[in-house]
>>> print(open('data_18.cif').read())   # mmCIF, N, CA and C atoms
data_entry
loop_
_atom_site.group_PDB
_atom_site.id
_atom_site.type_symbol
_atom_site.label_atom_id
_atom_site.label_comp_id
_atom_site.auth_asym_id
_atom_site.auth_seq_id
_atom_site.Cartn_x
_atom_site.Cartn_y
_atom_site.Cartn_z
ATOM 1 N N GLU A 8 110.633 85.271 105.080
ATOM 2 C CA GLU A 8 110.563 83.820 105.040
ATOM 3 C C GLU A 8 110.155 83.250 106.392
ATOM 4 N N GLN A 9 110.575 83.908 107.487
ATOM 5 C CA GLN A 9 110.160 83.463 108.815
ATOM 6 C C GLN A 9 108.654 83.639 108.992
ATOM 7 N N PHE A 10 108.121 84.737 108.481
ATOM 8 C CA PHE A 10 106.685 84.978 108.576
ATOM 9 C C PHE A 10 105.921 83.933 107.769
ATOM 10 N N ASP A 11 106.437 83.573 106.607
ATOM 11 C CA ASP A 11 105.847 82.523 105.777
ATOM 12 C C ASP A 11 105.785 81.216 106.566
ATOM 13 N N GLU A 12 106.877 80.846 107.195
ATOM 14 C CA GLU A 12 106.913 79.616 107.994
ATOM 15 C C GLU A 12 105.920 79.685 109.151
ATOM 16 N N TYR A 13 105.832 80.833 109.778
ATOM 17 C CA TYR A 13 104.886 81.019 110.879
ATOM 18 C C TYR A 13 103.453 80.752 110.402
ATOM 19 N N LEU A 14 103.087 81.302 109.244
ATOM 20 C CA LEU A 14 101.732 81.102 108.736
ATOM 21 C C LEU A 14 101.462 79.647 108.371
ATOM 22 N N TRP A 15 102.470 78.930 107.887
ATOM 23 C CA TRP A 15 102.283 77.523 107.550
ATOM 24 C C TRP A 15 102.049 76.674 108.790
ATOM 25 N N ASN A 16 102.473 77.150 109.945
ATOM 26 C CA ASN A 16 102.331 76.382 111.181
ATOM 27 C C ASN A 16 101.058 76.696 111.952
ATOM 28 N N PHE A 17 100.182 77.516 111.388
ATOM 29 C CA PHE A 17 98.889 77.786 112.026
ATOM 30 C C PHE A 17 98.069 76.498 112.103
ATOM 31 N N ASP A 18 97.160 76.474 113.060
ATOM 32 C CA ASP A 18 96.180 75.411 113.155
ATOM 33 C C ASP A 18 95.391 75.370 111.833
ATOM 34 N N PRO A 19 95.129 74.194 111.256
ATOM 35 C CA PRO A 19 94.454 74.121 109.950
ATOM 36 C C PRO A 19 93.141 74.908 109.869
ATOM 37 N N GLU A 20 92.410 75.025 110.968
ATOM 38 C CA GLU A 20 91.156 75.790 110.954
ATOM 39 C C GLU A 20 91.397 77.297 110.879
ATOM 40 N N ARG A 21 92.618 77.719 111.168
ATOM 41 C CA ARG A 21 92.948 79.154 111.154
ATOM 42 C C ARG A 21 93.958 79.493 110.060
ATOM 43 N N PHE A 22 94.133 78.609 109.108
ATOM 44 C CA PHE A 22 95.128 78.788 108.058
ATOM 45 C C PHE A 22 94.883 80.078 107.272
ATOM 46 N N VAL A 23 95.953 80.783 106.949
ATOM 47 C CA VAL A 23 95.906 81.988 106.124
ATOM 48 C C VAL A 23 96.525 81.645 104.780
ATOM 49 N N ALA A 24 95.700 81.647 103.731
ATOM 50 C CA ALA A 24 96.214 81.351 102.389
ATOM 51 C C ALA A 24 97.175 82.458 101.981
ATOM 52 N N HIS A 25 98.392 82.090 101.584
ATOM 53 C CA HIS A 25 99.419 83.089 101.293
ATOM 54 C C HIS A 25 100.482 82.500 100.374
ATOM 55 N N ASN A 26 101.308 83.365 99.843
ATOM 56 C CA ASN A 26 102.491 82.938 99.111
ATOM 57 C C ASN A 26 103.551 84.033 99.197
ATOM 58 N N LEU A 27 104.800 83.622 99.027
ATOM 59 C CA LEU A 27 105.892 84.579 98.910
ATOM 60 C C LEU A 27 105.816 85.205 97.524
ATOM 61 N N LYS A 28 106.304 86.424 97.380
ATOM 62 C CA LYS A 28 106.295 87.085 96.087
ATOM 63 C C LYS A 28 106.988 86.201 95.056
ATOM 64 N N GLY A 29 106.328 86.025 93.916
ATOM 65 C CA GLY A 29 106.884 85.218 92.842
ATOM 66 C C GLY A 29 106.516 83.752 92.901
ATOM 67 N N GLU A 30 105.934 83.300 94.007
ATOM 68 C CA GLU A 30 105.495 81.914 94.114
ATOM 69 C C GLU A 30 104.043 81.802 93.665
ATOM 70 N N GLY A 31 103.702 80.691 93.096
ATOM 71 C CA GLY A 31 102.321 80.435 92.720
ATOM 72 C C GLY A 31 101.854 81.332 91.592
ATOM 73 N N PRO A 32 100.621 81.118 91.145
ATOM 74 C CA PRO A 32 100.085 81.924 90.049
ATOM 75 C C PRO A 32 99.775 83.349 90.502
ATOM 76 N N LYS A 33 99.828 84.292 89.564
ATOM 77 C CA LYS A 33 99.486 85.680 89.881
ATOM 78 C C LYS A 33 98.062 85.704 90.415
ATOM 79 N N TRP A 34 97.853 86.409 91.493
ATOM 80 C CA TRP A 34 96.566 86.512 92.186
ATOM 81 C C TRP A 34 96.121 85.166 92.727
ATOM 82 N N GLY A 35 97.046 84.235 92.917
ATOM 83 C CA GLY A 35 96.690 82.911 93.404
ATOM 84 C C GLY A 35 96.382 82.866 94.884
ATOM 85 N N SER A 36 96.687 83.913 95.606
ATOM 86 C CA SER A 36 96.502 83.921 97.051
ATOM 87 C C SER A 36 96.105 85.320 97.501
ATOM 88 N N PRO A 37 95.245 85.414 98.513
ATOM 89 C CA PRO A 37 94.853 86.743 98.986
ATOM 90 C C PRO A 37 95.968 87.477 99.747
ATOM 91 N N VAL A 38 96.982 86.739 100.213
ATOM 92 C CA VAL A 38 98.070 87.332 100.976
ATOM 93 C C VAL A 38 99.385 87.088 100.248
ATOM 94 N N GLU A 39 100.116 88.173 100.009
ATOM 95 C CA GLU A 39 101.432 88.070 99.384
ATOM 96 C C GLU A 39 102.467 88.614 100.354
ATOM 97 N N ILE A 40 103.485 87.828 100.634
ATOM 98 C CA ILE A 40 104.562 88.246 101.535
ATOM 99 C C ILE A 40 105.736 88.664 100.667
ATOM 100 N N THR A 41 106.213 89.889 100.871
ATOM 101 C CA THR A 41 107.317 90.385 100.067
ATOM 102 C C THR A 41 108.198 91.296 100.901
ATOM 103 N N TRP A 42 109.442 91.405 100.523
ATOM 104 C CA TRP A 42 110.403 92.270 101.197
ATOM 105 C C TRP A 42 110.550 93.586 100.450
ATOM 106 N N GLU A 43 109.861 93.728 99.346
ATOM 107 C CA GLU A 43 109.843 94.986 98.609
ATOM 108 C C GLU A 43 108.388 95.304 98.305
ATOM 109 N N LEU A 44 108.091 96.547 98.025
ATOM 110 C CA LEU A 44 106.710 96.934 97.796
ATOM 111 C C LEU A 44 106.179 96.249 96.547
ATOM 112 N N SER A 45 105.109 95.537 96.714
ATOM 113 C CA SER A 45 104.514 94.777 95.620
ATOM 114 C C SER A 45 103.882 95.711 94.597
ATOM 115 N N GLN A 46 103.906 95.293 93.347
ATOM 116 C CA GLN A 46 103.250 96.049 92.287
ATOM 117 C C GLN A 46 101.809 95.594 92.091
ATOM 118 N N THR A 47 101.428 94.507 92.759
ATOM 119 C CA THR A 47 100.047 94.061 92.669
ATOM 120 C C THR A 47 99.171 95.003 93.488
ATOM 121 N N ASN A 48 97.930 95.061 93.151
ATOM 122 C CA ASN A 48 97.015 95.997 93.793
ATOM 123 C C ASN A 48 96.318 95.325 94.967
ATOM 124 N N ARG A 49 96.911 95.403 96.126
ATOM 125 C CA ARG A 49 96.359 94.800 97.337
ATOM 126 C C ARG A 49 95.750 95.904 98.207
ATOM 127 N N PRO A 50 94.650 95.616 98.903
ATOM 128 C CA PRO A 50 94.020 96.658 99.716
ATOM 129 C C PRO A 50 94.676 96.885 101.075
ATOM 130 N N LEU A 51 95.453 95.914 101.555
ATOM 131 C CA LEU A 51 95.990 95.963 102.913
ATOM 132 C C LEU A 51 97.484 95.726 102.902
ATOM 133 N N LEU A 52 98.204 96.519 103.697
ATOM 134 C CA LEU A 52 99.637 96.331 103.887
ATOM 135 C C LEU A 52 99.906 96.127 105.368
ATOM 136 N N ILE A 53 100.636 95.088 105.700
ATOM 137 C CA ILE A 53 101.164 94.914 107.053
ATOM 138 C C ILE A 53 102.641 95.230 106.947
ATOM 139 N N ASN A 54 103.025 96.385 107.448
ATOM 140 C CA ASN A 54 104.392 96.866 107.286
ATOM 141 C C ASN A 54 105.251 96.400 108.452
ATOM 142 N N LEU A 55 106.247 95.586 108.143
ATOM 143 C CA LEU A 55 107.196 95.108 109.155
ATOM 144 C C LEU A 55 108.592 95.673 108.921
ATOM 145 N N SER A 56 108.696 96.629 107.996
ATOM 146 C CA SER A 56 110.000 97.212 107.701
ATOM 147 C C SER A 56 110.247 98.439 108.591
ATOM 148 N N ASN A 57 111.436 99.001 108.481
ATOM 149 C CA ASN A 57 111.797 100.166 109.286
ATOM 150 C C ASN A 57 111.276 101.474 108.714
ATOM 151 N N ASN A 58 110.787 101.463 107.477
ATOM 152 C CA ASN A 58 110.342 102.686 106.813
ATOM 153 C C ASN A 58 108.909 102.556 106.326
ATOM 154 N N ALA A 59 108.251 103.682 106.182
ATOM 155 C CA ALA A 59 106.923 103.703 105.570
ATOM 156 C C ALA A 59 107.109 103.565 104.059
ATOM 157 N N PRO A 60 106.243 102.790 103.387
ATOM 158 C CA PRO A 60 106.376 102.681 101.936
ATOM 159 C C PRO A 60 106.096 104.017 101.267
ATOM 160 N N GLN A 61 106.781 104.290 100.174
ATOM 161 C CA GLN A 61 106.668 105.590 99.510
ATOM 162 C C GLN A 61 105.272 105.876 98.987
ATOM 163 N N ASN A 62 104.560 104.868 98.555
ATOM 164 C CA ASN A 62 103.219 105.092 98.036
ATOM 165 C C ASN A 62 102.159 104.469 98.946
ATOM 166 N N ALA A 63 102.265 104.739 100.215
ATOM 167 C CA ALA A 63 101.370 104.160 101.214
ATOM 168 C C ALA A 63 99.908 104.507 100.956
ATOM 169 N N THR A 64 99.640 105.623 100.331
ATOM 170 C CA THR A 64 98.254 106.051 100.139
ATOM 171 C C THR A 64 97.486 105.155 99.176
ATOM 172 N N ARG A 65 98.158 104.288 98.462
ATOM 173 C CA ARG A 65 97.441 103.385 97.543
ATOM 174 C C ARG A 65 96.737 102.258 98.280
ATOM 175 N N PHE A 66 97.086 102.040 99.549
ATOM 176 C CA PHE A 66 96.460 100.992 100.347
ATOM 177 C C PHE A 66 95.263 101.554 101.102
ATOM 178 N N LYS A 67 94.211 100.746 101.212
ATOM 179 C CA LYS A 67 93.038 101.160 101.976
ATOM 180 C C LYS A 67 93.327 101.107 103.469
ATOM 181 N N GLN A 68 94.202 100.180 103.862
ATOM 182 C CA GLN A 68 94.500 100.013 105.280
ATOM 183 C C GLN A 68 95.948 99.558 105.432
ATOM 184 N N ILE A 69 96.621 100.114 106.438
ATOM 185 C CA ILE A 69 98.002 99.748 106.739
ATOM 186 C C ILE A 69 98.092 99.431 108.225
ATOM 187 N N PHE A 70 98.716 98.317 108.530
ATOM 188 C CA PHE A 70 99.021 97.991 109.917
ATOM 189 C C PHE A 70 100.516 98.179 110.107
ATOM 190 N N ASP A 71 100.875 98.942 111.111
ATOM 191 C CA ASP A 71 102.267 99.191 111.445
ATOM 192 C C ASP A 71 102.374 99.020 112.957
ATOM 193 N N PHE A 72 103.517 98.654 113.438
ATOM 194 C CA PHE A 72 103.664 98.302 114.848
ATOM 195 C C PHE A 72 104.708 99.163 115.534
ATOM 196 N N VAL A 73 104.484 99.403 116.821
ATOM 197 C CA VAL A 73 105.432 100.156 117.636
ATOM 198 C C VAL A 73 106.021 99.183 118.658
ATOM 199 N N PRO A 74 107.273 98.774 118.452
ATOM 200 C CA PRO A 74 107.901 97.849 119.396
ATOM 201 C C PRO A 74 108.184 98.507 120.746
ATOM 202 N N TYR A 75 108.491 97.689 121.719
ATOM 203 C CA TYR A 75 108.771 98.179 123.065
ATOM 204 C C TYR A 75 110.157 98.814 123.172
ATOM 205 N N GLU A 76 111.141 98.265 122.472
ATOM 206 C CA GLU A 76 112.515 98.755 122.541
ATOM 207 C C GLU A 76 112.594 100.205 122.055
ATOM 208 N N GLU A 77 113.251 101.072 122.809
ATOM 209 C CA GLU A 77 113.247 102.514 122.529
ATOM 210 C C GLU A 77 113.776 102.878 121.148
ATOM 211 N N ALA A 78 114.859 102.271 120.717
ATOM 212 C CA ALA A 78 115.408 102.593 119.391
ATOM 213 C C ALA A 78 114.397 102.257 118.288
ATOM 214 N N LEU A 79 113.708 101.143 118.451
ATOM 215 C CA LEU A 79 112.696 100.742 117.471
ATOM 216 C C LEU A 79 111.451 101.621 117.575
ATOM 217 N N ARG A 80 111.163 102.094 118.783
ATOM 218 C CA ARG A 80 110.026 103.014 118.962
ATOM 219 C C ARG A 80 110.280 104.316 118.213
ATOM 220 N N GLU A 81 111.518 104.778 118.223
ATOM 221 C CA GLU A 81 111.856 106.010 117.501
ATOM 222 C C GLU A 81 111.673 105.809 115.998
ATOM 223 N N GLN A 82 112.040 104.645 115.487
ATOM 224 C CA GLN A 82 111.798 104.357 114.071
ATOM 225 C C GLN A 82 110.299 104.367 113.773
ATOM 226 N N ALA A 83 109.498 103.839 114.686
ATOM 227 C CA ALA A 83 108.044 103.836 114.501
ATOM 228 C C ALA A 83 107.497 105.269 114.509
ATOM 229 N N ARG A 84 108.042 106.119 115.353
ATOM 230 C CA ARG A 84 107.623 107.535 115.365
ATOM 231 C C ARG A 84 107.941 108.206 114.028
ATOM 232 N N GLU A 85 109.091 107.872 113.472
ATOM 233 C CA GLU A 85 109.466 108.437 112.172
ATOM 234 C C GLU A 85 108.520 107.941 111.078
ATOM 235 N N ARG A 86 108.156 106.659 111.113
ATOM 236 C CA ARG A 86 107.194 106.146 110.137
ATOM 237 C C ARG A 86 105.860 106.871 110.278
ATOM 238 N N TYR A 87 105.448 107.109 111.513
ATOM 239 C CA TYR A 87 104.205 107.846 111.760
ATOM 240 C C TYR A 87 104.266 109.218 111.098
ATOM 241 N N ARG A 88 105.380 109.918 111.268
ATOM 242 C CA ARG A 88 105.538 111.236 110.629
ATOM 243 C C ARG A 88 105.496 111.105 109.108
ATOM 244 N N GLN A 89 106.114 110.054 108.576
ATOM 245 C CA GLN A 89 106.098 109.841 107.121
ATOM 246 C C GLN A 89 104.683 109.588 106.620
ATOM 247 N N TYR A 90 103.945 108.730 107.308
ATOM 248 C CA TYR A 90 102.560 108.465 106.906
ATOM 249 C C TYR A 90 101.737 109.755 106.934
ATOM 250 N N ARG A 91 101.897 110.515 107.988
ATOM 251 C CA ARG A 91 101.141 111.770 108.125
ATOM 252 C C ARG A 91 101.497 112.748 107.012
ATOM 253 N N ALA A 92 102.779 112.839 106.664
ATOM 254 C CA ALA A 92 103.222 113.740 105.595
ATOM 255 C C ALA A 92 102.639 113.322 104.240
ATOM 256 N N MET A 93 102.376 112.022 104.063
ATOM 257 C CA MET A 93 101.783 111.531 102.817
ATOM 258 C C MET A 93 100.276 111.755 102.772
ATOM 259 N N GLY A 94 99.709 112.156 103.904
ATOM 260 C CA GLY A 94 98.274 112.382 103.953
ATOM 261 C C GLY A 94 97.456 111.175 104.375
ATOM 262 N N CYS A 95 98.106 110.175 104.947
ATOM 263 C CA CYS A 95 97.378 108.991 105.418
ATOM 264 C C CYS A 95 96.531 109.364 106.635
ATOM 265 N N GLN A 96 95.357 108.790 106.704
ATOM 266 C CA GLN A 96 94.488 108.980 107.869
ATOM 267 C C GLN A 96 94.928 107.969 108.916
ATOM 268 N N LEU A 97 95.373 108.440 110.073
ATOM 269 C CA LEU A 97 95.998 107.574 111.071
ATOM 270 C C LEU A 97 95.100 107.330 112.275
ATOM 271 N N HIS A 98 95.108 106.089 112.729
ATOM 272 C CA HIS A 98 94.393 105.690 113.949
ATOM 273 C C HIS A 98 95.344 104.816 114.749
ATOM 274 N N THR A 99 95.414 105.035 116.031
ATOM 275 C CA THR A 99 96.298 104.221 116.858
ATOM 276 C C THR A 99 95.467 103.414 117.840
ATOM 277 N N GLU A 100 95.988 102.244 118.189
ATOM 278 C CA GLU A 100 95.333 101.379 119.165
ATOM 279 C C GLU A 100 96.398 100.748 120.039
ATOM 280 N N ASN A 101 96.111 100.659 121.320
ATOM 281 C CA ASN A 101 96.984 99.937 122.245
ATOM 282 C C ASN A 101 96.540 98.492 122.282
ATOM 283 N N LEU A 102 97.473 97.595 122.049
ATOM 284 C CA LEU A 102 97.139 96.171 122.052
ATOM 285 C C LEU A 102 97.686 95.503 123.288
#
>>> encode(input="data_18.cif", output="structure tokens")
Amino acid sequence: EQFDEYLWNFDPERFVAHNLKGEGPKWGSPVEITWELSQTNRPLLINLSNNAPQNATRFKQIFDFVPYEEALREQARERYRQYRAMGCQLHTENL
């Protein structure tokens, strides 16, 4: 819900059309925000959870983040291992 609010506060020229899961018509928005893995067929996942989704390979692209805090970095390393075990093709970038 915080992410939803963040997107609503974007500058109107940079607005990202989105809805929370269950809001609006099915396929009414290119971006769906959910706290559980959506059953809709979306090409991109931005994972903000502590775990890799079980069926990550169904997405064409996944964005996952490595926080600075060490405990959270270890969780990110575990997600990396999970993605690799599922056969995901991984690329890392320093931002």
>>> residues_around(input="data_18.cif", residues="Leu52 of chain A", least_positions_apart="2", cutoff="7 Å", atoms="all atoms listed in the file", output="ChimeraX atom specification")
/A:49-50,54-55,66-71
>>> resolve_selection(input="data_18.cif", expression="the PyMOL selection byres (((chain A and resi 37 and name CA) around 9) and name CA)", output="PyMOL selection string")
chain A and resi 23-26+34-36+38-39+49
>>> residues_around(input="data_18.cif", residues="Trp42 of chain A", least_positions_apart="2", cutoff="8 Å", atoms="all atoms listed in the file", output="VMD selection string")
chain A and resid 8 27 to 28 39 to 40 44 to 45
>>> select_by_dssp(input="data_18.cif", residues="chain A", states="alpha helix (DSSP H)", output="list in words")
Gln9, Phe10, Asp11, Glu12, Tyr13, Leu14, Trp15, Glu77, Ala78, Leu79, Arg80, Glu81, Gln82, Ala83, Arg84, Glu85, Arg86, Tyr87, Arg88, Gln89, Tyr90, Arg91, Ala92 and Met93 of chain A
>>> atom_distance(input="data_18.cif", atom1="atom N of Thr64 of chain A", atom2="atom C of Glu43 of chain A")
13.7 Å
>>> resolve_selection(input="data_18.cif", expression="the PyMOL selection byres ((chain A and resi 57) around 7)", output="list in words")
Asn54, Leu55, Ser56, Asn58, Ala59, Gln82, Ala83 and Arg86 of chain A
>>> write_last_selection(input="data_18.cif", atoms="N, CA and C atoms", output="PDB file, in the frame of the given file")
ATOM      1  N   ASN A  54     103.025  96.385 107.448  1.00  0.00           N
ATOM      2  CA  ASN A  54     104.392  96.866 107.286  1.00  0.00           C
ATOM      3  C   ASN A  54     105.251  96.400 108.452  1.00  0.00           C
ATOM      4  N   LEU A  55     106.247  95.586 108.143  1.00  0.00           N
ATOM      5  CA  LEU A  55     107.196  95.108 109.155  1.00  0.00           C
ATOM      6  C   LEU A  55     108.592  95.673 108.921  1.00  0.00           C
ATOM      7  N   SER A  56     108.696  96.629 107.996  1.00  0.00           N
ATOM      8  CA  SER A  56     110.000  97.212 107.701  1.00  0.00           C
ATOM      9  C   SER A  56     110.247  98.439 108.591  1.00  0.00           C
ATOM     10  N   ASN A  58     110.787 101.463 107.477  1.00  0.00           N
ATOM     11  CA  ASN A  58     110.342 102.686 106.813  1.00  0.00           C
ATOM     12  C   ASN A  58     108.909 102.556 106.326  1.00  0.00           C
ATOM     13  N   ALA A  59     108.251 103.682 106.182  1.00  0.00           N
ATOM     14  CA  ALA A  59     106.923 103.703 105.570  1.00  0.00           C
ATOM     15  C   ALA A  59     107.109 103.565 104.059  1.00  0.00           C
ATOM     16  N   GLN A  82     112.040 104.645 115.487  1.00  0.00           N
ATOM     17  CA  GLN A  82     111.798 104.357 114.071  1.00  0.00           C
ATOM     18  C   GLN A  82     110.299 104.367 113.773  1.00  0.00           C
ATOM     19  N   ALA A  83     109.498 103.839 114.686  1.00  0.00           N
ATOM     20  CA  ALA A  83     108.044 103.836 114.501  1.00  0.00           C
ATOM     21  C   ALA A  83     107.497 105.269 114.509  1.00  0.00           C
ATOM     22  N   ARG A  86     108.156 106.659 111.113  1.00  0.00           N
ATOM     23  CA  ARG A  86     107.194 106.146 110.137  1.00  0.00           C
ATOM     24  C   ARG A  86     105.860 106.871 110.278  1.00  0.00           C
TER      25      ARG A  86
END
>>> decode(input="data_18.cif", residues="segment 53-71 of chain A", atoms="N, CA, C and O atoms", output="PDB file, in the first residue's frame")
ATOM      1  N   ILE A  53       8.701  -7.125  -9.973  1.00  0.00           N
ATOM      2  CA  ILE A  53       9.598  -6.376  -9.093  1.00  0.00           C
ATOM      3  C   ILE A  53       9.398  -6.978  -7.718  1.00  0.00           C
ATOM      4  O   ILE A  53       8.366  -6.783  -7.090  1.00  0.00           O
ATOM      5  N   ASN A  54      10.368  -7.750  -7.275  1.00  0.00           N
ATOM      6  CA  ASN A  54      10.236  -8.497  -6.030  1.00  0.00           C
ATOM      7  C   ASN A  54      10.755  -7.666  -4.866  1.00  0.00           C
ATOM      8  O   ASN A  54      11.936  -7.348  -4.796  1.00  0.00           O
ATOM      9  N   LEU A  55       9.860  -7.342  -3.947  1.00  0.00           N
ATOM     10  CA  LEU A  55      10.230  -6.598  -2.737  1.00  0.00           C
ATOM     11  C   LEU A  55      10.080  -7.458  -1.488  1.00  0.00           C
ATOM     12  O   LEU A  55      10.183  -6.958  -0.378  1.00  0.00           O
ATOM     13  N   SER A  56       9.838  -8.754  -1.686  1.00  0.00           N
ATOM     14  CA  SER A  56       9.667  -9.643  -0.543  1.00  0.00           C
ATOM     15  C   SER A  56      11.018 -10.247  -0.132  1.00  0.00           C
ATOM     16  O   SER A  56      12.023 -10.065  -0.798  1.00  0.00           O
ATOM     17  N   ASN A  57      11.007 -10.999   0.952  1.00  0.00           N
ATOM     18  CA  ASN A  57      12.233 -11.618   1.453  1.00  0.00           C
ATOM     19  C   ASN A  57      12.594 -12.904   0.728  1.00  0.00           C
ATOM     20  O   ASN A  57      13.688 -13.418   0.911  1.00  0.00           O
ATOM     21  N   ASN A  58      11.681 -13.446  -0.073  1.00  0.00           N
ATOM     22  CA  ASN A  58      11.906 -14.724  -0.744  1.00  0.00           C
ATOM     23  C   ASN A  58      11.719 -14.595  -2.246  1.00  0.00           C
ATOM     24  O   ASN A  58      10.970 -13.743  -2.711  1.00  0.00           O
ATOM     25  N   ALA A  59      12.354 -15.481  -2.978  1.00  0.00           N
ATOM     26  CA  ALA A  59      12.129 -15.563  -4.421  1.00  0.00           C
ATOM     27  C   ALA A  59      10.792 -16.271  -4.640  1.00  0.00           C
ATOM     28  O   ALA A  59      10.481 -17.222  -3.928  1.00  0.00           O
ATOM     29  N   PRO A  60       9.989 -15.811  -5.612  1.00  0.00           N
ATOM     30  CA  PRO A  60       8.728 -16.502  -5.868  1.00  0.00           C
ATOM     31  C   PRO A  60       8.978 -17.907  -6.388  1.00  0.00           C
ATOM     32  O   PRO A  60       9.950 -18.148  -7.108  1.00  0.00           O
ATOM     33  N   GLN A  61       8.109 -18.835  -6.037  1.00  0.00           N
ATOM     34  CA  GLN A  61       8.312 -20.241  -6.393  1.00  0.00           C
ATOM     35  C   GLN A  61       8.319 -20.484  -7.891  1.00  0.00           C
ATOM     36  O   GLN A  61       8.990 -21.370  -8.360  1.00  0.00           O
ATOM     37  N   ASN A  62       7.551 -19.734  -8.639  1.00  0.00           N
ATOM     38  CA  ASN A  62       7.517 -19.934 -10.080  1.00  0.00           C
ATOM     39  C   ASN A  62       8.117 -18.738 -10.821  1.00  0.00           C
ATOM     40  O   ASN A  62       7.552 -18.231 -11.777  1.00  0.00           O
ATOM     41  N   ALA A  63       9.273 -18.322 -10.394  1.00  0.00           N
ATOM     42  CA  ALA A  63       9.937 -17.149 -10.955  1.00  0.00           C
ATOM     43  C   ALA A  63      10.206 -17.292 -12.450  1.00  0.00           C
ATOM     44  O   ALA A  63      10.240 -16.289 -13.160  1.00  0.00           O
ATOM     45  N   THR A  64      10.369 -18.494 -12.935  1.00  0.00           N
ATOM     46  CA  THR A  64      10.720 -18.685 -14.342  1.00  0.00           C
ATOM     47  C   THR A  64       9.595 -18.294 -15.292  1.00  0.00           C
ATOM     48  O   THR A  64       9.837 -18.167 -16.484  1.00  0.00           O
ATOM     49  N   ARG A  65       8.406 -18.074 -14.790  1.00  0.00           N
ATOM     50  CA  ARG A  65       7.303 -17.665 -15.679  1.00  0.00           C
ATOM     51  C   ARG A  65       7.415 -16.208 -16.098  1.00  0.00           C
ATOM     52  O   ARG A  65       6.753 -15.769 -17.020  1.00  0.00           O
ATOM     53  N   PHE A  66       8.254 -15.432 -15.410  1.00  0.00           N
ATOM     54  CA  PHE A  66       8.444 -14.025 -15.741  1.00  0.00           C
ATOM     55  C   PHE A  66       9.600 -13.870 -16.720  1.00  0.00           C
ATOM     56  O   PHE A  66      10.625 -14.547 -16.609  1.00  0.00           O
ATOM     57  N   LYS A  67       9.448 -12.938 -17.660  1.00  0.00           N
ATOM     58  CA  LYS A  67      10.525 -12.660 -18.605  1.00  0.00           C
ATOM     59  C   LYS A  67      11.648 -11.893 -17.924  1.00  0.00           C
ATOM     60  O   LYS A  67      12.801 -12.016 -18.293  1.00  0.00           O
ATOM     61  N   GLN A  68      11.284 -11.085 -16.927  1.00  0.00           N
ATOM     62  CA  GLN A  68      12.282 -10.265 -16.250  1.00  0.00           C
ATOM     63  C   GLN A  68      11.871 -10.084 -14.792  1.00  0.00           C
ATOM     64  O   GLN A  68      10.692  -9.887 -14.487  1.00  0.00           O
ATOM     65  N   ILE A  69      12.861 -10.151 -13.905  1.00  0.00           N
ATOM     66  CA  ILE A  69      12.633  -9.955 -12.476  1.00  0.00           C
ATOM     67  C   ILE A  69      13.645  -8.934 -11.974  1.00  0.00           C
ATOM     68  O   ILE A  69      14.839  -9.045 -12.259  1.00  0.00           O
ATOM     69  N   PHE A  70      13.154  -7.968 -11.233  1.00  0.00           N
ATOM     70  CA  PHE A  70      14.038  -7.032 -10.550  1.00  0.00           C
ATOM     71  C   PHE A  70      14.004  -7.376  -9.070  1.00  0.00           C
ATOM     72  O   PHE A  70      12.946  -7.489  -8.474  1.00  0.00           O
ATOM     73  N   ASP A  71      15.168  -7.556  -8.497  1.00  0.00           N
ATOM     74  CA  ASP A  71      15.305  -7.856  -7.082  1.00  0.00           C
ATOM     75  C   ASP A  71      16.415  -6.946  -6.564  1.00  0.00           C
ATOM     76  O   ASP A  71      17.305  -6.562  -7.326  1.00  0.00           O
TER      77      ASP A  71
END
